[in-house]
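Notes for the one structure printed next.
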Amino acid sequence: MIVLGSSTAEAGIVAARDVLVQGGSALDAVEAGIRLVESAPNVHSVGQDAWPNLLGQVELDASIMDGRTLDAGSVGALRGFLHPISVARRVMEELPHVLLVGEGAGRFAGEVGAERGELLSDEVREGWAEWLQARMSPEEWANWPADTLVPWAKRTADPETAHGTVCLLARDMRASIAAGVSTSGWAWKYPGRLGDSPIIGAGNYADNRHGAAACTGFGEMAIRCGTARSVLLYLKTGLSIEDAVRAAVQDLDDAAWRYRGRVTIYSFDRSEEHRVVSYTRVGGGCSYWLWQGDMDAPERRQGITHDAHRGA
Ligand code: ASP
């Protein structure tokens with residue numbers, strides 16, 4: 001058994017482990033753990049108290065995948081609901097679809113009785129207003145939102161802007177694998193922007209035959225390179241987990257980056273060998289959470305940082 005999570009998974013990894021130890025499924029473990037992170041007040045990039053878009057609206061993305069069947073569900077730009085990971089799971093279980101976005105996602109969440117709630121706290125709203133006010137004249141602020149948000153979306157494309165998706169990957173005692181991701185996405189993003197988190201194959205993938213992978217960071221790059229699915233395809237060709245993740249990092253390195261940023265890949269194979277690598281154009285390290293069957297408690301570990309040498 002294994003649970004692998006991003007640095008933001010701290011509030012949920014013990015609950016995920018407990019589900020596995022009690023004989024529960026990887027799918028239940030991932031959902032239970034992520035729900036706790038969505039409720040955690042100190043995680044401003046997931047669920048409640050999360051960073052809003054340029055208009056000050058919190059739009060949440062989440063996805064979940066069942067490695068037994070390759071069933072998957074996801075939601076994008078969901079507003080007003082506390083647990084997008086559970087709505088994503090209901091999409092997977094109750095609809096013939098995989099991905100719902102915006103109003104349709106909200107309608108579905110209401111139909112299945114998902115919990116509604118206020119997502120934007122005063123503190124986070126102040127942070128949003130301060131960020132904008134520091135970059136515009138008092139007249140521009142008084143007339144916000146501007147007619148065109150495009151120049152502002154480009155200005156948010158800086159590596160200091162807050163990121164911090166949560167992902168949890170798990171394998172249970174029946175050798176079933178599941179993966180889940182939840183996020184408010186890029187802080188101050190253009191309204192309607194989806195990152196990699198709700199895109200199955202980009203930010204999330206699970207397949208009992210090969211393993212699981214998820215990404216955090218600059219979601220546009222993980223979408224363009226199809227990173228999570230790539231890792232599993234590389235595993236399928238017979239590469240080790242180390243080489244599979246290295247190959248996915250090479251794909252990121254080969255793609256043109258118009259903005260600075262990082263992509264962190266979290267993955268394990270079907271023998272529960274894991275690898276966490278952060279490909280970065282902004283420097284800095286990366287940590288992650290790990291629990292394996294022989295450990296008393298989850299541990300925070302340092303991932304491998306792969307600095308880009310080519311210009312951003
Ligand atoms: N991957 C997320 C996104 O692009 C953001 C993050 O992980 O910080 O929406």
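Lettering and numbering for the structure tokens are positional, with chains as A, B, ... in the shown order, residues counted from 1 in each chain, and ligands counted from 1 in the shown order.
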
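With only C-alpha atoms and all ligand atoms counted, the chains near ligand 1 contribute these residues within 6 Å: His163, Gly164, Thr165, Gly185, Trp186, Gly195, Asp196, Ser197, Thr216, Gly217, Phe218 and Gly219 of chain A.
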
Can you spit out the residues from that selection as a CSV table (one decimal), in the first residue's frame, using N, CA and C atoms?
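part32.csv, written as the output of this step:
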chain,number,residue,atom,x,y,z
A,163,HIS,N,0.7,29.4,-6.2
A,163,HIS,CA,0.3,28.1,-6.7
A,163,HIS,C,0.1,27.1,-5.5
A,164,GLY,N,-0.3,25.9,-5.8
A,164,GLY,CA,-0.3,24.9,-4.7
A,164,GLY,C,-1.4,23.9,-4.7
A,165,THR,N,-1.7,23.3,-5.8
A,165,THR,CA,-2.6,22.2,-6.0
A,165,THR,C,-2.4,21.1,-5.0
A,185,GLY,N,-6.4,26.6,-8.9
A,185,GLY,CA,-5.7,27.0,-10.1
A,185,GLY,C,-4.8,28.2,-9.8
A,186,TRP,N,-4.4,28.8,-10.9
A,186,TRP,CA,-3.5,29.9,-10.9
A,186,TRP,C,-4.1,31.1,-10.3
A,195,GLY,N,-6.7,24.7,-15.6
A,195,GLY,CA,-5.3,24.2,-15.7
A,195,GLY,C,-5.3,22.8,-16.0
A,196,ASP,N,-4.2,22.1,-15.6
A,196,ASP,CA,-4.1,20.7,-15.9
A,196,ASP,C,-4.9,19.8,-14.9
A,197,SER,N,-5.2,20.3,-13.8
A,197,SER,CA,-5.8,19.5,-12.7
A,197,SER,C,-7.1,18.8,-13.1
A,216,THR,N,1.6,19.1,-10.3
A,216,THR,CA,1.2,20.4,-9.8
A,216,THR,C,2.1,21.5,-10.5
A,217,GLY,N,1.8,22.7,-10.3
A,217,GLY,CA,2.6,23.8,-10.9
A,217,GLY,C,1.9,24.3,-12.2
A,218,PHE,N,2.8,24.7,-13.1
A,218,PHE,CA,2.3,25.4,-14.3
A,218,PHE,C,1.5,24.5,-15.2
A,219,GLY,N,0.2,24.5,-15.0
A,219,GLY,CA,-0.7,23.5,-15.6
A,219,GLY,C,-0.7,23.6,-17.2

A:Ser267 environment, 9 Å, only C-alpha atoms, sequence neighbours closer than 4 positions dropped, as a PyMOL selection string | chain A and resi 4+169+211-215+228+231-232+241+245+273-277

Using only C-alpha atoms, which residues sit within 9 Å of stretch 42-59 of chain A once same-chain residues fewer than 2 positions away are excluded, as a VMD selection string?
-> chain A and resid 8 35 37 to 40 61 76 to 84 102 117 to 125 127 to 129 132 144 to 145 149 152 to 153 156 162 to 166 182 to 193

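Take atom CA of A:Asp172 and atom CA of A:Leu20: the distance between them is 5.6 Å.
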
List every residue of stretch 79-263 of chain A that DSSP, applied to the backbone of this structure, places in strand (DSSP E or B), and write the result as an mmCIF file with N, CA, C and O atoms, in the first residue's frame.
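Generated file (part_20.cif):
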data_model
loop_
_atom_site.group_PDB
_atom_site.id
_atom_site.type_symbol
_atom_site.label_atom_id
_atom_site.label_comp_id
_atom_site.auth_asym_id
_atom_site.auth_seq_id
_atom_site.Cartn_x
_atom_site.Cartn_y
_atom_site.Cartn_z
ATOM 1 N N PHE A 81 -19.196 25.581 -4.329
ATOM 2 C CA PHE A 81 -19.301 24.265 -3.688
ATOM 3 C C PHE A 81 -17.992 23.921 -2.982
ATOM 4 O O PHE A 81 -16.906 24.201 -3.495
ATOM 5 N N LEU A 99 -16.030 15.242 -17.982
ATOM 6 C CA LEU A 99 -15.685 16.597 -17.535
ATOM 7 C C LEU A 99 -16.866 17.550 -17.672
ATOM 8 O O LEU A 99 -17.435 17.669 -18.752
ATOM 9 N N LEU A 100 -17.210 18.206 -16.570
ATOM 10 C CA LEU A 100 -18.225 19.272 -16.595
ATOM 11 C C LEU A 100 -17.569 20.568 -16.150
ATOM 12 O O LEU A 100 -16.772 20.565 -15.211
ATOM 13 N N VAL A 101 -17.959 21.681 -16.775
ATOM 14 C CA VAL A 101 -17.371 22.957 -16.378
ATOM 15 C C VAL A 101 -18.443 24.016 -16.120
ATOM 16 O O VAL A 101 -19.579 23.908 -16.587
ATOM 17 N N ARG A 116 -22.870 23.322 -0.479
ATOM 18 C CA ARG A 116 -22.567 24.679 -0.933
ATOM 19 C C ARG A 116 -21.843 25.424 0.173
ATOM 20 O O ARG A 116 -21.971 25.083 1.349
ATOM 21 N N VAL A 166 -3.441 20.386 -4.574
ATOM 22 C CA VAL A 166 -3.209 19.147 -3.828
ATOM 23 C C VAL A 166 -3.444 17.961 -4.758
ATOM 24 O O VAL A 166 -4.401 17.935 -5.527
ATOM 25 N N CYS A 167 -2.525 16.982 -4.683
ATOM 26 C CA CYS A 167 -2.784 15.711 -5.359
ATOM 27 C C CYS A 167 -2.514 14.589 -4.370
ATOM 28 O O CYS A 167 -1.670 14.715 -3.479
ATOM 29 N N LEU A 168 -3.279 13.517 -4.481
ATOM 30 C CA LEU A 168 -3.057 12.294 -3.700
ATOM 31 C C LEU A 168 -3.171 11.104 -4.653
ATOM 32 O O LEU A 168 -4.145 11.014 -5.418
ATOM 33 N N LEU A 169 -2.187 10.223 -4.582
ATOM 34 C CA LEU A 169 -2.193 8.993 -5.366
ATOM 35 C C LEU A 169 -2.150 7.844 -4.366
ATOM 36 O O LEU A 169 -1.393 7.914 -3.394
ATOM 37 N N ALA A 170 -2.944 6.790 -4.590
ATOM 38 C CA ALA A 170 -2.975 5.701 -3.603
ATOM 39 C C ALA A 170 -3.100 4.344 -4.281
ATOM 40 O O ALA A 170 -3.655 4.224 -5.385
ATOM 41 N N ARG A 171 -2.568 3.330 -3.586
ATOM 42 C CA ARG A 171 -2.738 1.928 -4.016
ATOM 43 C C ARG A 171 -3.156 1.151 -2.777
ATOM 44 O O ARG A 171 -2.493 1.232 -1.735
ATOM 45 N N ILE A 177 -5.517 1.116 -7.777
ATOM 46 C CA ILE A 177 -4.865 2.422 -7.768
ATOM 47 C C ILE A 177 -5.889 3.512 -8.070
ATOM 48 O O ILE A 177 -6.796 3.316 -8.890
ATOM 49 N N ALA A 178 -5.737 4.673 -7.409
ATOM 50 C CA ALA A 178 -6.583 5.833 -7.722
ATOM 51 C C ALA A 178 -5.748 7.092 -7.600
ATOM 52 O O ALA A 178 -4.726 7.118 -6.896
ATOM 53 N N ALA A 179 -6.194 8.130 -8.304
ATOM 54 C CA ALA A 179 -5.490 9.417 -8.262
ATOM 55 C C ALA A 179 -6.520 10.531 -8.192
ATOM 56 O O ALA A 179 -7.572 10.462 -8.839
ATOM 57 N N GLY A 180 -6.221 11.572 -7.403
ATOM 58 C CA GLY A 180 -7.126 12.720 -7.302
ATOM 59 C C GLY A 180 -6.343 14.014 -7.207
ATOM 60 O O GLY A 180 -5.213 14.031 -6.684
ATOM 61 N N VAL A 181 -6.945 15.085 -7.730
ATOM 62 C CA VAL A 181 -6.302 16.400 -7.729
ATOM 63 C C VAL A 181 -7.389 17.449 -7.477
ATOM 64 O O VAL A 181 -8.507 17.318 -7.976
ATOM 65 N N SER A 182 -7.063 18.483 -6.693
ATOM 66 C CA SER A 182 -8.028 19.562 -6.456
ATOM 67 C C SER A 182 -7.266 20.875 -6.336
ATOM 68 O O SER A 182 -6.193 20.931 -5.730
ATOM 69 N N THR A 183 -7.849 21.951 -6.891
ATOM 70 C CA THR A 183 -7.125 23.223 -6.908
ATOM 71 C C THR A 183 -8.059 24.395 -7.200
ATOM 72 O O THR A 183 -9.138 24.211 -7.763
ATOM 73 N N ILE A 200 -7.852 15.021 -17.523
ATOM 74 C CA ILE A 200 -7.345 13.658 -17.344
ATOM 75 C C ILE A 200 -6.250 13.409 -18.385
ATOM 76 O O ILE A 200 -6.441 13.665 -19.573
ATOM 77 N N ASN A 204 -3.452 14.374 -14.132
ATOM 78 C CA ASN A 204 -3.914 13.233 -13.334
ATOM 79 C C ASN A 204 -4.075 11.997 -14.208
ATOM 80 O O ASN A 204 -4.655 12.097 -15.292
ATOM 81 N N TYR A 205 -3.596 10.853 -13.731
ATOM 82 C CA TYR A 205 -3.871 9.601 -14.439
ATOM 83 C C TYR A 205 -3.606 8.428 -13.506
ATOM 84 O O TYR A 205 -2.673 8.463 -12.692
ATOM 85 N N ALA A 206 -4.440 7.392 -13.600
ATOM 86 C CA ALA A 206 -4.253 6.177 -12.785
ATOM 87 C C ALA A 206 -4.629 4.970 -13.621
ATOM 88 O O ALA A 206 -5.643 4.991 -14.329
ATOM 89 N N ASP A 207 -3.809 3.932 -13.531
ATOM 90 C CA ASP A 207 -4.056 2.720 -14.312
ATOM 91 C C ASP A 207 -3.446 1.564 -13.519
ATOM 92 O O ASP A 207 -2.224 1.519 -13.332
ATOM 93 N N GLY A 211 0.475 2.143 -12.865
ATOM 94 C CA GLY A 211 0.776 3.033 -11.748
ATOM 95 C C GLY A 211 -0.106 4.270 -11.788
ATOM 96 O O GLY A 211 -1.224 4.241 -12.312
ATOM 97 N N ALA A 212 0.416 5.357 -11.226
ATOM 98 C CA ALA A 212 -0.360 6.608 -11.173
ATOM 99 C C ALA A 212 0.596 7.778 -11.305
ATOM 100 O O ALA A 212 1.781 7.678 -10.959
ATOM 101 N N ALA A 213 0.063 8.900 -11.805
ATOM 102 C CA ALA A 213 0.875 10.118 -11.898
ATOM 103 C C ALA A 213 -0.040 11.326 -11.779
ATOM 104 O O ALA A 213 -1.207 11.290 -12.191
ATOM 105 N N ALA A 214 0.490 12.402 -11.186
ATOM 106 C CA ALA A 214 -0.234 13.668 -11.115
ATOM 107 C C ALA A 214 0.792 14.788 -11.164
ATOM 108 O O ALA A 214 1.991 14.561 -10.938
ATOM 109 N N CYS A 215 0.306 15.977 -11.483
ATOM 110 C CA CYS A 215 1.215 17.126 -11.595
ATOM 111 C C CYS A 215 0.683 18.296 -10.779
ATOM 112 O O CYS A 215 -0.525 18.449 -10.599
ATOM 113 N N THR A 216 1.601 19.136 -10.332
ATOM 114 C CA THR A 216 1.247 20.444 -9.803
ATOM 115 C C THR A 216 2.142 21.470 -10.500
ATOM 116 O O THR A 216 3.124 21.109 -11.137
ATOM 117 N N GLY A 217 1.793 22.726 -10.341
ATOM 118 C CA GLY A 217 2.598 23.785 -10.943
ATOM 119 C C GLY A 217 1.946 24.343 -12.187
ATOM 120 O O GLY A 217 0.712 24.432 -12.261
ATOM 121 N N ARG A 262 7.176 26.225 -12.898
ATOM 122 C CA ARG A 262 7.654 24.863 -12.604
ATOM 123 C C ARG A 262 6.524 23.874 -12.807
ATOM 124 O O ARG A 262 5.338 24.233 -12.729
ATOM 125 N N VAL A 263 6.895 22.639 -13.081
ATOM 126 C CA VAL A 263 5.936 21.528 -13.064
ATOM 127 C C VAL A 263 6.541 20.453 -12.182
ATOM 128 O O VAL A 263 7.688 20.057 -12.391
#

Under the rule of at most 10 Å, produce a per-residue listing of stretch 205-231 of chain A near stretch 247-255 of chain A: chain, number, name, the closest pair of atoms, and the distance in Å, as CSV, using only C-alpha atoms.
residue,atom,partner,partner_atom,distance
A:Met221,CA,A:Leu252,CA,6.9
A:Ala222,CA,A:Leu252,CA,7.7
A:Arg224,CA,A:Ala255,CA,8.3
A:Cys225,CA,A:Leu252,CA,6.4
A:Gly226,CA,A:Ala248,CA,8.9
A:Thr227,CA,A:Ala248,CA,6.1
A:Ala228,CA,A:Ala248,CA,8.3
A:Arg229,CA,A:Ala248,CA,9.4
A:Ser230,CA,A:Ala248,CA,6.3
A:Val231,CA,A:Ala248,CA,5.9

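Using only C-alpha atoms, the contacts of stretch 279-290 of chain A at a cut-off of 6 Å, with sequence neighbours closer than 2 positions omitted, comprise Val3, Leu4, Gly5, Ser6, Ser7, Arg260, Gly261, Arg262, Val263, Pro298, Glu299, Arg300, Arg301, Gln302, Gly303, Thr305, His306, Asp307 and Ala308 of chain A.
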
Pick from A:Gly110, A:Ala32, A:Ile64, A:Lys154: nearest to A:Val19, with only C-alpha atoms counted?
-> A:Ala32

From the DSSP assignment of the backbone, select every residue of stretch 118-292 of chain A that is alpha helix (DSSP H), and format the answer as a PyMOL selection string.
-> chain A and resi 122-133+138-142+150-156+219-225+227-236+241-254

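The gap separating atom CA of A:Ser86 from atom CA of A:Phe268 is 23.4 Å, in Å to one decimal.
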
For A:Ile2, the nearest of the candidates A:Val98, A:Met173, A:Ala88, A:Ala146, counting only C-alpha atoms = A:Met173

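Rounded to one decimal, atom CA of A:Arg90 and atom CA of A:Ser74 lie 8.9 Å from each other.
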
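Distance annotation: of A:Gln133, A:Ser176, A:Thr264, A:Thr237, the residue with the minimal separation from A:Asp28 is A:Ser176; atom set is only C-alpha atoms.
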
Neighbour list for A:Asp18 as a PyMOL selection string, cut-off 12 Å, only C-alpha atoms, skip fewer than 3 positions in-chain = chain A and resi 1-3+12-15+21-26+28-30+32-33+170+172+291-293+296-298

Would you write out those residues with N, CA and C atoms, as a compact mmCIF listing (two decimals), in the first residue's frame?
# COMPACT_ATOMS: atom_id res chain seq x y z
N MET A 1 0.85 -1.21 0.00
CA MET A 1 0.00 0.00 0.00
C MET A 1 0.87 1.24 0.00
N ILE A 2 0.37 2.27 -0.63
CA ILE A 2 1.12 3.52 -0.69
C ILE A 2 0.14 4.70 -0.82
N VAL A 3 0.50 5.82 -0.21
CA VAL A 3 -0.17 7.10 -0.48
C VAL A 3 0.95 8.10 -0.75
N GLY A 12 -4.50 15.88 4.76
CA GLY A 12 -5.32 14.76 4.31
C GLY A 12 -4.63 13.41 4.27
N ILE A 13 -3.31 13.40 4.40
CA ILE A 13 -2.62 12.13 4.11
C ILE A 13 -2.87 11.08 5.21
N VAL A 14 -3.03 11.52 6.45
CA VAL A 14 -3.29 10.54 7.52
C VAL A 14 -4.66 9.89 7.30
N ALA A 15 -5.64 10.70 6.93
CA ALA A 15 -6.98 10.15 6.68
C ALA A 15 -6.94 9.18 5.51
N VAL A 21 -5.55 1.38 5.56
CA VAL A 21 -5.23 0.43 6.64
C VAL A 21 -6.48 -0.33 7.08
N GLN A 22 -7.62 0.38 7.02
CA GLN A 22 -8.88 -0.28 7.42
C GLN A 22 -9.48 -1.12 6.30
N GLY A 23 -8.73 -1.28 5.20
CA GLY A 23 -9.20 -2.14 4.13
C GLY A 23 -10.03 -1.42 3.07
N GLY A 24 -10.09 -0.09 3.15
CA GLY A 24 -10.88 0.68 2.18
C GLY A 24 -10.18 0.77 0.82
N SER A 25 -10.90 1.35 -0.12
CA SER A 25 -10.37 1.42 -1.49
C SER A 25 -9.47 2.64 -1.68
N ALA A 26 -8.59 2.55 -2.67
CA ALA A 26 -7.73 3.69 -3.01
C ALA A 26 -8.58 4.90 -3.39
N ASP A 28 -11.61 5.70 -2.26
CA ASP A 28 -12.13 6.33 -1.03
C ASP A 28 -11.02 7.06 -0.28
N ALA A 29 -9.82 6.50 -0.29
CA ALA A 29 -8.70 7.13 0.42
C ALA A 29 -8.37 8.49 -0.19
N VAL A 30 -8.30 8.53 -1.49
CA VAL A 30 -7.95 9.77 -2.20
C VAL A 30 -9.03 10.83 -1.95
N ALA A 32 -11.25 10.99 0.55
CA ALA A 32 -11.30 11.40 1.97
C ALA A 32 -10.18 12.37 2.29
N GLY A 33 -8.98 12.08 1.79
CA GLY A 33 -7.83 12.94 2.08
C GLY A 33 -7.99 14.32 1.44
N ALA A 170 -2.94 6.79 -4.59
CA ALA A 170 -2.97 5.70 -3.60
C ALA A 170 -3.10 4.34 -4.28
N ASP A 172 -4.25 0.41 -2.88
CA ASP A 172 -4.81 -0.22 -1.68
C ASP A 172 -4.37 -1.68 -1.55
N TRP A 291 3.44 7.87 2.43
CA TRP A 291 3.22 6.80 3.41
C TRP A 291 3.25 5.49 2.64
N GLN A 292 4.01 4.51 3.15
CA GLN A 292 4.02 3.17 2.57
C GLN A 292 3.72 2.17 3.67
N GLY A 293 3.26 1.01 3.31
CA GLY A 293 2.74 0.02 4.26
C GLY A 293 3.63 -0.24 5.46
N ASP A 296 5.26 3.85 10.07
CA ASP A 296 4.31 4.14 11.14
C ASP A 296 3.45 5.35 10.78
N ALA A 297 4.09 6.38 10.25
CA ALA A 297 3.37 7.63 9.96
C ALA A 297 3.85 8.18 8.63
N PRO A 298 3.02 9.01 7.97
CA PRO A 298 3.47 9.64 6.73
C PRO A 298 4.69 10.51 6.97
